[in-house]
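**Student:** Just passing along the structure, written as C-alpha cells.
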Amino acid sequence: MTKQEFLDVLRAALSGRVASGVITENLCYYEDYINMEIRKGRSEEEVLGALGDPRLIARTIVETKGSSRGNAAREAENHTSQSNRRWTGRDGQDHARRNFNVPVVLWLIVVLLIVILIISTIFSVIRVVLPVLLPFLLVLLAVKLFRDWMN
C-alpha cells in the first residue's frame with residue numbers, strides 16, 4: 001500500500017461518518033506524519049506497516065469524534081476553527097496556518113546549550129576570581145601552618 005492509497009482508504013472510511021473538518025484534519029495529520037517519518041529515514045512501507053489498517057484508524061476516529069449525522073453544530077464549529085487557522089500573507093494570498101511540534105531532539109539541543117552556557121559562565125567567574133582568591137588562600141594556609149608549627 002502506498003501513502004496515497006492509505007489516505008484514500010482513510011478518507012473513504014471516514015466519509016459520511018464524521019464532519020468534513022475532522023476528515024481534513026486527520027488526513028493532514030497522517031500525511032504530515034508519514035512524510036516526517038520518511039524524512040527521518042524510514043521507508044514508506046515501514047511507516048505504513050507501523051500505522052496499520054486505515055479502516056481501524058477510521059473506526060477509532062469515528063468512535064472518538066462521533067457521528068456527523070444531524071450534527072450541524074459540530075460541522076459549524078469545525079468550519080469556524082478551520083477558518084480561524086487561516087491568515088493572509090504579505091503576498092495577499094490566503095494561507096493555512098500549520099501547527100507543528102518541536103522535535104525532542106531540538107529540545108535536547110536547547111537544554112544542552114543552556115547547560116553549556118551555565119558551565120561556561122561559572123568557569124568565567126572562577127577564571128576572574130581565581131587570581132585574587134588563590135594568593136589569599138595561600139596566605140591563609142601559610143598562617144595556619146605557622147600557627148600549628150608554633151604550638
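Note on naming: chains are A, B, ... as they come in the C-alpha cells, residues start from 1 per chain, ligands start from 1 in the order shown.
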May I have the residues within 12 Å of range 45-50 of chain A as a PyMOL selection string, using only C-alpha atoms and disregarding those fewer than 2 positions away in the same chain?
**Tutor:** chain A and resi 1-7+30-43+52-54+57
**Student:** Could those residues be written to a file, using C-alpha atoms, as a tab-separated table (two decimals), in the first residue's frame?
**Tutor:**
chain	number	residue	atom	x	y	z
A	1	MET	CA	0.00	0.00	0.00
A	2	THR	CA	1.27	3.48	-0.84
A	3	LYS	CA	0.80	6.66	1.15
A	4	GLN	CA	-1.87	7.90	-1.29
A	5	GLU	CA	-3.75	4.59	-1.11
A	6	PHE	CA	-3.60	4.75	2.71
A	7	LEU	CA	-5.03	8.29	2.70
A	30	TYR	CA	-1.45	11.34	8.80
A	31	GLU	CA	0.07	12.78	5.62
A	32	ASP	CA	2.37	15.02	7.68
A	33	TYR	CA	3.26	12.13	9.99
A	34	ILE	CA	4.13	9.80	7.10
A	35	ASN	CA	6.21	12.49	5.38
A	36	MET	CA	8.03	13.30	8.63
A	37	GLU	CA	8.90	9.65	9.26
A	38	ILE	CA	10.14	9.25	5.68
A	39	ARG	CA	12.36	12.33	6.15
A	40	LYS	CA	13.75	10.64	9.25
A	41	GLY	CA	14.95	7.80	7.04
A	42	ARG	CA	12.18	5.22	7.36
A	43	SER	CA	10.71	3.69	4.23
A	52	GLY	CA	-1.71	-0.42	10.48
A	53	ASP	CA	-5.04	-0.64	8.69
A	54	PRO	CA	-6.52	2.78	7.87
A	57	ILE	CA	-7.82	4.07	12.43
**Student:** Residues within 12 Å of Thr60 in chain A, please, as JSON, numbers by chain. Count only C-alpha atoms; anything in the same chain fewer than 6 positions from it doesn't count.
**Tutor:** {"A": [10, 13, 14, 17, 18, 26, 53, 54, 66, 67]}
**Student:** Dump N, CA, C and O atoms for the selected residues as a PDB file, in the first residue's frame?
**Tutor:**
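selection20.pdb written:
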ATOM      1  N   LEU A  10      -8.485   5.815   4.140  1.00  0.00           N
ATOM      2  CA  LEU A  10      -8.879   6.528   5.356  1.00  0.00           C
ATOM      3  C   LEU A  10     -10.000   7.519   5.060  1.00  0.00           C
ATOM      4  O   LEU A  10     -10.989   7.585   5.791  1.00  0.00           O
ATOM      5  N   ALA A  13     -13.240   5.643   4.451  1.00  0.00           N
ATOM      6  CA  ALA A  13     -13.788   5.060   5.676  1.00  0.00           C
ATOM      7  C   ALA A  13     -14.395   6.128   6.585  1.00  0.00           C
ATOM      8  O   ALA A  13     -15.296   5.826   7.367  1.00  0.00           O
ATOM      9  N   LEU A  14     -13.926   7.362   6.486  1.00  0.00           N
ATOM     10  CA  LEU A  14     -14.455   8.438   7.331  1.00  0.00           C
ATOM     11  C   LEU A  14     -15.620   9.182   6.680  1.00  0.00           C
ATOM     12  O   LEU A  14     -16.431   9.795   7.394  1.00  0.00           O
ATOM     13  N   ARG A  17     -19.321   9.656   7.971  1.00  0.00           N
ATOM     14  CA  ARG A  17     -19.393   9.192   9.359  1.00  0.00           C
ATOM     15  C   ARG A  17     -18.957  10.256  10.352  1.00  0.00           C
ATOM     16  O   ARG A  17     -19.314  10.188  11.527  1.00  0.00           O
ATOM     17  N   VAL A  18     -18.128  11.205   9.908  1.00  0.00           N
ATOM     18  CA  VAL A  18     -17.694  12.321  10.754  1.00  0.00           C
ATOM     19  C   VAL A  18     -17.743  13.592   9.914  1.00  0.00           C
ATOM     20  O   VAL A  18     -17.872  13.542   8.687  1.00  0.00           O
ATOM     21  N   ASN A  26      -7.632  14.918  10.017  1.00  0.00           N
ATOM     22  CA  ASN A  26      -6.949  13.639  10.168  1.00  0.00           C
ATOM     23  C   ASN A  26      -6.133  13.278   8.933  1.00  0.00           C
ATOM     24  O   ASN A  26      -5.038  12.721   9.055  1.00  0.00           O
ATOM     25  N   ASP A  53      -3.923  -0.755   9.630  1.00  0.00           N
ATOM     26  CA  ASP A  53      -5.036  -0.637   8.693  1.00  0.00           C
ATOM     27  C   ASP A  53      -5.736   0.719   8.854  1.00  0.00           C
ATOM     28  O   ASP A  53      -6.181   1.060   9.949  1.00  0.00           O
ATOM     29  N   PRO A  54      -5.864   1.477   7.766  1.00  0.00           N
ATOM     30  CA  PRO A  54      -6.524   2.781   7.874  1.00  0.00           C
ATOM     31  C   PRO A  54      -8.010   2.665   8.257  1.00  0.00           C
ATOM     32  O   PRO A  54      -8.569   3.590   8.849  1.00  0.00           O
ATOM     33  N   GLY A  66     -17.422  10.958  17.094  1.00  0.00           N
ATOM     34  CA  GLY A  66     -18.869  10.830  16.971  1.00  0.00           C
ATOM     35  C   GLY A  66     -19.326  10.933  15.534  1.00  0.00           C
ATOM     36  O   GLY A  66     -18.567  11.210  14.623  1.00  0.00           O
ATOM     37  N   SER A  67     -20.589  10.698  15.345  1.00  0.00           N
ATOM     38  CA  SER A  67     -21.191  10.704  14.013  1.00  0.00           C
ATOM     39  C   SER A  67     -21.533  12.118  13.597  1.00  0.00           C
ATOM     40  O   SER A  67     -21.862  12.968  14.402  1.00  0.00           O
TER      41      SER A  67
END
